[in-house]
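Some notes on the structure that comes next.
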Amino acid sequence: MKVKITTAVLCLLSLSAYAGGEHLHHVEHFSRAPAGIMGDHVHAQGDWMFSYGYMRMHMDGMKDGDDDLSDAQVLNDFMVTPLRMEMEMHMFGAMYAVSDELTLMAMLPWVRKDMDHITRMGVRFTTRSEGVGDIKLGGVYALARDDSRQLMLNLAVSAPSGDIDADDDTPAMRDAQLPYPMQLGSGTWDLLPGMTWTGRAGHYSWGAQGLLTLRLGENDNDYTLGNRAEVSAWGGRRLSSSWSVSLRLRGQAWDEVDGDDPLLNPQMVPTANPELQGGRRIDMLAGAALALPAGFYGNSRLAVEAGAPIYENLDGPQMSADWTVNANLQLVF
Ligand SMILES: [Cu+2]
């Protein structure tokens, strides 16, 4: 393990040394958006960026509307209730600037999920799924900008590369089809249009981004995940030449599932009921970013962000979000 890490660090160092310090003039183009924001910047023509993102979300307990539900309340209507869920994503990204206005991007996610349950009989069990998620290909286009502000158009297509037949053992069945939130992809081609605005003055930076996820058609299991809207607004402040901090508000709204997977029993557990999948939530996230030494790593940076919901309203019973962590390493060449 130690050897692998050392090799990886050496690789990164030699890549960076090769990249050299000739990209300093591109600093102006580079973003200071918090770790969980993607597609918030374009690069200078010919530049490459490689990124690694880590996202983790912890969900705990059940809600209906904005009321917390006890396990017993959920078990009045269902055979099983979820207790906790952990979602983890490793996101590998690449960006390439075709021109100063248009940067293309590709993202490959690796997803891992696990969910703890309890049955009416008091039996506890955990189900797991893991694999490649939905691959996204798209671009960011700079519509208008001056020295300190930039307005960008986002557009991406999400391919149905994530599994929608993930299964695992439950007390009732071996290799049972897992419910909607435990699947790894949408199973449909999705369109992701959006707009991003960023600005800065002195030590301060700010921005806003709106993104939609529009599902096209129906997947092979006879359902369509709900469309999703996400809006973020953030502000940041530079503390030194390398450190900065940020605060972000993120609002999300998502629709219920349309249609239903014939292998799922909606009376068994709320996560298998297509009508109990919609909701809205506002999160507050605090972040910090470290710019890696200029002239050595170009405009590369390491950023982390953590937050929790300040408002949540779910078509429940549905799992309630507890906390989120985002981390992101961006290397520009
Ligand atoms: Cu980039």
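Just so we're on the same page: first chain in the structure tokens is A, next is B, and so on; residues restart at 1 for each chain, and ligands are numbered from 1 in the order they show up.
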Ligand 1: which residues are within 9 Å, counting only C-alpha atoms and all ligand atoms, as a ChimeraX atom specification? /A:30-31,38-43,47-51,93-97,103,105,330-332
So that I can check the surroundings of Leu247 of chain A, please list as a PyMOL selection string every protein, DNA and RNA residue that reaches within 10 Å of it, counting only C-alpha atoms and ignoring chain neighbours fewer than 5 positions away. chain A and resi 33-34+206+233-237+284-288+305-307
Calculate how many Å separate atom CA of Leu178 of chain A from atom CA of Ala159 of chain A, rounding to one decimal.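 About the pair atom CA of Leu178 of chain A and atom CA of Ala159 of chain A: they are 20.7 Å apart.
Of the listed residues A:Gly279, A:Pro171, A:Gly199, A:Gly217, the one whose atoms come nearest to Glu230 of chain A is A:Gly279, with distances taken using only C-alpha atoms.
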Counting only C-alpha atoms, the option among A:Gly259, A:Gly194, A:Gly61, A:Gly139 closest to Val231 of chain A: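 Closest residue, counting only C-alpha atoms: A:Gly194.
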Exercise: Gly187 of chain A partners within 12 Å, only C-alpha atoms, chain neighbours under 5 positions left out, as an MDAnalysis selection string: chainID A and resid 133:135 158:166 180 215:226 261
Residues from the last selection, N, CA, C and O atoms, saved as a CSV table (one decimal), in the first residue's frame:
chain,number,residue,atom,x,y,z
A,133,GLY,N,-21.0,4.4,-12.4
A,133,GLY,CA,-22.2,5.1,-12.5
A,133,GLY,C,-22.5,5.6,-13.9
A,133,GLY,O,-21.9,5.1,-14.9
A,134,ASP,N,-23.3,6.6,-14.1
A,134,ASP,CA,-23.6,7.2,-15.4
A,134,ASP,C,-22.5,8.1,-15.8
A,134,ASP,O,-22.2,9.1,-15.2
A,135,ILE,N,-21.9,7.8,-17.0
A,135,ILE,CA,-20.8,8.6,-17.6
A,135,ILE,C,-21.4,9.9,-18.2
A,135,ILE,O,-22.4,9.8,-18.9
A,158,SER,N,-25.8,12.5,-20.1
A,158,SER,CA,-25.5,11.5,-19.2
A,158,SER,C,-25.9,10.1,-19.8
A,158,SER,O,-27.1,10.0,-20.2
A,159,ALA,N,-24.9,9.2,-20.0
A,159,ALA,CA,-25.2,8.0,-20.6
A,159,ALA,C,-25.6,6.9,-19.6
A,159,ALA,O,-25.2,7.0,-18.5
A,160,PRO,N,-26.5,6.0,-20.0
A,160,PRO,CA,-27.0,5.0,-19.0
A,160,PRO,C,-26.0,3.8,-18.8
A,160,PRO,O,-26.3,2.7,-19.0
A,161,SER,N,-24.8,4.2,-18.3
A,161,SER,CA,-23.8,3.2,-18.1
A,161,SER,C,-23.9,2.6,-16.7
A,161,SER,O,-23.3,1.5,-16.4
A,162,GLY,N,-24.6,3.2,-15.8
A,162,GLY,CA,-24.7,2.7,-14.4
A,162,GLY,C,-25.8,1.5,-14.4
A,162,GLY,O,-26.8,1.6,-15.1
A,163,ASP,N,-25.5,0.5,-13.6
A,163,ASP,CA,-26.4,-0.6,-13.4
A,163,ASP,C,-27.7,-0.2,-12.9
A,163,ASP,O,-27.8,0.6,-11.9
A,164,ILE,N,-28.8,-0.7,-13.4
A,164,ILE,CA,-30.2,-0.6,-12.8
A,164,ILE,C,-30.8,-1.9,-12.4
A,164,ILE,O,-31.9,-2.0,-12.1
A,165,ASP,N,-29.9,-3.0,-12.4
A,165,ASP,CA,-30.3,-4.3,-12.0
A,165,ASP,C,-29.4,-4.8,-10.8
A,165,ASP,O,-29.2,-6.0,-10.6
A,166,ALA,N,-28.9,-3.8,-10.0
A,166,ALA,CA,-28.1,-4.2,-8.8
A,166,ALA,C,-29.0,-5.0,-7.9
A,166,ALA,O,-30.2,-4.6,-7.7
A,180,TYR,N,-35.1,1.7,-5.9
A,180,TYR,CA,-34.6,2.8,-6.7
A,180,TYR,C,-33.4,3.6,-6.2
A,180,TYR,O,-32.4,3.8,-6.9
A,215,ARG,N,-34.7,13.6,-17.8
A,215,ARG,CA,-34.6,12.2,-18.2
A,215,ARG,C,-35.3,12.1,-19.5
A,215,ARG,O,-36.4,12.6,-19.7
A,216,LEU,N,-34.6,11.4,-20.5
A,216,LEU,CA,-35.2,11.2,-21.8
A,216,LEU,C,-35.7,9.8,-21.9
A,216,LEU,O,-34.9,8.8,-21.9
A,217,GLY,N,-37.0,9.6,-22.0
A,217,GLY,CA,-37.6,8.3,-22.3
A,217,GLY,C,-37.7,7.4,-21.0
A,217,GLY,O,-37.6,7.9,-19.9
A,218,GLU,N,-37.8,6.1,-21.2
A,218,GLU,CA,-38.0,5.2,-20.1
A,218,GLU,C,-36.9,4.1,-20.2
A,218,GLU,O,-36.4,3.8,-21.2
A,219,ASN,N,-36.5,3.7,-19.0
A,219,ASN,CA,-35.4,2.7,-19.0
A,219,ASN,C,-35.9,1.3,-19.2
A,219,ASN,O,-37.1,1.0,-19.3
A,220,ASP,N,-35.0,0.3,-19.3
A,220,ASP,CA,-35.3,-1.1,-19.6
A,220,ASP,C,-36.2,-1.8,-18.5
A,220,ASP,O,-36.7,-2.8,-18.7
A,221,ASN,N,-36.2,-1.1,-17.3
A,221,ASN,CA,-37.0,-1.7,-16.2
A,221,ASN,C,-38.4,-0.9,-16.1
A,221,ASN,O,-38.9,-0.9,-15.0
A,222,ASP,N,-38.8,-0.3,-17.2
A,222,ASP,CA,-40.2,0.3,-17.2
A,222,ASP,C,-40.4,1.5,-16.3
A,222,ASP,O,-41.5,1.8,-15.9
A,223,TYR,N,-39.3,2.2,-16.0
A,223,TYR,CA,-39.5,3.4,-15.2
A,223,TYR,C,-38.6,4.5,-15.6
A,223,TYR,O,-37.6,4.3,-16.4
A,224,THR,N,-38.9,5.8,-15.2
A,224,THR,CA,-38.1,6.9,-15.4
A,224,THR,C,-37.8,7.6,-14.1
A,224,THR,O,-38.8,8.0,-13.4
A,225,LEU,N,-36.6,7.8,-13.7
A,225,LEU,CA,-36.3,8.6,-12.5
A,225,LEU,C,-36.9,10.0,-12.6
A,225,LEU,O,-37.0,10.5,-13.8
A,226,GLY,N,-37.2,10.7,-11.5
A,226,GLY,CA,-37.7,12.0,-11.6
A,226,GLY,C,-36.7,13.0,-12.1
A,226,GLY,O,-35.5,12.8,-11.9
A,261,ASP,N,-40.6,-0.4,-11.5
A,261,ASP,CA,-39.8,-1.6,-11.8
A,261,ASP,C,-40.6,-2.8,-11.4
A,261,ASP,O,-41.0,-3.0,-10.2
DSSP-assigned strand (DSSP E or B) among segment 118-226 of chain A, expressed as a PyMOL selection string: chain A and resi 118-119+124-132+136-145+149-158+167-170+173-177+189-201+204-216+223-224
Print the selection's residues with C-alpha atoms to a file, as a PDB file, in the first residue's frame.
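Everything below was put into again.pdb:
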ATOM      1  CA  ILE A 118     -34.984  -3.379  10.118  1.00  0.00           C
ATOM      2  CA  THR A 119     -37.992  -5.637   9.458  1.00  0.00           C
ATOM      3  CA  ARG A 124     -31.633  -6.119  10.813  1.00  0.00           C
ATOM      4  CA  PHE A 125     -29.900  -6.425   7.442  1.00  0.00           C
ATOM      5  CA  THR A 126     -27.720  -4.397   5.078  1.00  0.00           C
ATOM      6  CA  THR A 127     -27.752  -4.283   1.290  1.00  0.00           C
ATOM      7  CA  ARG A 128     -24.907  -3.014  -0.868  1.00  0.00           C
ATOM      8  CA  SER A 129     -24.295  -1.991  -4.463  1.00  0.00           C
ATOM      9  CA  GLU A 130     -21.136  -0.831  -6.165  1.00  0.00           C
ATOM     10  CA  GLY A 131     -19.952  -0.094  -9.686  1.00  0.00           C
ATOM     11  CA  VAL A 132     -19.598   2.405 -12.500  1.00  0.00           C
ATOM     12  CA  LYS A 136     -21.269  12.318 -18.446  1.00  0.00           C
ATOM     13  CA  LEU A 137     -19.971  14.071 -21.551  1.00  0.00           C
ATOM     14  CA  GLY A 138     -20.471  17.758 -22.147  1.00  0.00           C
ATOM     15  CA  GLY A 139     -19.067  21.215 -22.246  1.00  0.00           C
ATOM     16  CA  VAL A 140     -18.929  24.656 -20.709  1.00  0.00           C
ATOM     17  CA  TYR A 141     -19.254  27.674 -22.990  1.00  0.00           C
ATOM     18  CA  ALA A 142     -18.307  31.210 -21.924  1.00  0.00           C
ATOM     19  CA  LEU A 143     -21.143  33.456 -23.135  1.00  0.00           C
ATOM     20  CA  ALA A 144     -19.838  36.737 -21.766  1.00  0.00           C
ATOM     21  CA  ARG A 145     -16.990  37.872 -19.564  1.00  0.00           C
ATOM     22  CA  ARG A 149     -16.949  38.207 -14.124  1.00  0.00           C
ATOM     23  CA  GLN A 150     -17.970  35.311 -16.326  1.00  0.00           C
ATOM     24  CA  LEU A 151     -21.312  33.936 -17.536  1.00  0.00           C
ATOM     25  CA  MET A 152     -21.280  30.352 -18.793  1.00  0.00           C
ATOM     26  CA  LEU A 153     -23.630  27.913 -20.446  1.00  0.00           C
ATOM     27  CA  ASN A 154     -23.449  24.274 -19.297  1.00  0.00           C
ATOM     28  CA  LEU A 155     -24.625  21.321 -21.325  1.00  0.00           C
ATOM     29  CA  ALA A 156     -23.951  17.636 -20.773  1.00  0.00           C
ATOM     30  CA  VAL A 157     -25.395  14.270 -21.696  1.00  0.00           C
ATOM     31  CA  SER A 158     -25.495  11.453 -19.161  1.00  0.00           C
ATOM     32  CA  ASP A 167     -29.231  -6.933  -6.444  1.00  0.00           C
ATOM     33  CA  ASP A 168     -28.309  -8.271  -3.029  1.00  0.00           C
ATOM     34  CA  ASP A 169     -29.574 -10.733  -0.430  1.00  0.00           C
ATOM     35  CA  THR A 170     -32.399  -9.776   1.943  1.00  0.00           C
ATOM     36  CA  MET A 173     -34.981 -13.357  -0.938  1.00  0.00           C
ATOM     37  CA  ARG A 174     -31.550 -14.133  -2.339  1.00  0.00           C
ATOM     38  CA  ASP A 175     -30.342 -11.708  -5.041  1.00  0.00           C
ATOM     39  CA  ALA A 176     -33.359  -9.441  -4.585  1.00  0.00           C
ATOM     40  CA  GLN A 177     -33.631  -6.492  -6.979  1.00  0.00           C
ATOM     41  CA  TRP A 189     -30.075   9.064 -21.423  1.00  0.00           C
ATOM     42  CA  ASP A 190     -30.323  12.321 -19.480  1.00  0.00           C
ATOM     43  CA  LEU A 191     -29.802  15.880 -20.621  1.00  0.00           C
ATOM     44  CA  LEU A 192     -28.128  18.316 -18.183  1.00  0.00           C
ATOM     45  CA  PRO A 193     -28.480  21.967 -19.214  1.00  0.00           C
ATOM     46  CA  GLY A 194     -27.419  24.772 -16.905  1.00  0.00           C
ATOM     47  CA  MET A 195     -26.029  28.254 -16.389  1.00  0.00           C
ATOM     48  CA  THR A 196     -23.135  29.393 -14.206  1.00  0.00           C
ATOM     49  CA  TRP A 197     -22.123  32.886 -13.175  1.00  0.00           C
ATOM     50  CA  THR A 198     -18.927  33.709 -11.306  1.00  0.00           C
ATOM     51  CA  GLY A 199     -17.323  36.924 -10.158  1.00  0.00           C
ATOM     52  CA  ARG A 200     -14.543  38.245  -7.976  1.00  0.00           C
ATOM     53  CA  ALA A 201     -13.211  41.454  -6.512  1.00  0.00           C
ATOM     54  CA  TYR A 204     -13.672  37.962  -2.494  1.00  0.00           C
ATOM     55  CA  SER A 205     -15.260  35.635  -5.027  1.00  0.00           C
ATOM     56  CA  TRP A 206     -18.853  34.559  -5.574  1.00  0.00           C
ATOM     57  CA  GLY A 207     -20.990  32.648  -7.983  1.00  0.00           C
ATOM     58  CA  ALA A 208     -24.254  30.946  -8.760  1.00  0.00           C
ATOM     59  CA  GLN A 209     -25.129  27.879 -10.771  1.00  0.00           C
ATOM     60  CA  GLY A 210     -28.410  26.337 -11.875  1.00  0.00           C
ATOM     61  CA  LEU A 211     -28.507  22.817 -13.327  1.00  0.00           C
ATOM     62  CA  LEU A 212     -31.334  20.600 -14.542  1.00  0.00           C
ATOM     63  CA  THR A 213     -31.318  16.831 -15.029  1.00  0.00           C
ATOM     64  CA  LEU A 214     -33.922  15.915 -17.643  1.00  0.00           C
ATOM     65  CA  ARG A 215     -34.594  12.213 -18.191  1.00  0.00           C
ATOM     66  CA  LEU A 216     -35.189  11.209 -21.800  1.00  0.00           C
ATOM     67  CA  TYR A 223     -39.542   3.442 -15.199  1.00  0.00           C
ATOM     68  CA  THR A 224     -38.054   6.937 -15.420  1.00  0.00           C
TER      69      THR A 224
END
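For segment 8-235 of chain A, the set of residues given helix (DSSP H, G or I) by DSSP on the backbone reads Ala8, Val9, Leu10, Cys11, Leu12, Leu13, Ser14, Leu15, Ser16, Ala17, Tyr18, Ala19, Leu24, His25, His26, Val27, Glu28, His29, Asp71, Ala72, Gln73, Val74, Leu75, Tyr180, Pro181 and Met182 of chain A.
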Arg280 of chain A surroundings by only C-alpha atoms, 6 Å radius, close-in-sequence under 4 positions cut, as a ChimeraX atom specification: /A:252-253,312-313
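Here atom CA of Thr271 of chain A and atom CA of Pro181 of chain A stand 6.6 Å from one another.
The two atoms in question, atom CA of Gly202 of chain A and atom CA of Ser148 of chain A, are spaced 9.6 Å apart.
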For Met85 of chain A, which of A:Ile37, A:Val123, A:Leu264, A:Met62 is the closest residue, counting only C-alpha atoms?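 That would be A:Met62, the residue with the smallest distance to Met85 of chain A.
Using only C-alpha atoms, the nearest neighbour of Pro270 of chain A within the list A:Gln318, A:Thr188, A:Ser246, A:Ser99 is A:Gln318.
Of the listed residues (A:Glu86, A:Tyr54, A:Arg301, A:Leu263), A:Tyr54 comes nearest to Pro109 of chain A; the distances count only C-alpha atoms.
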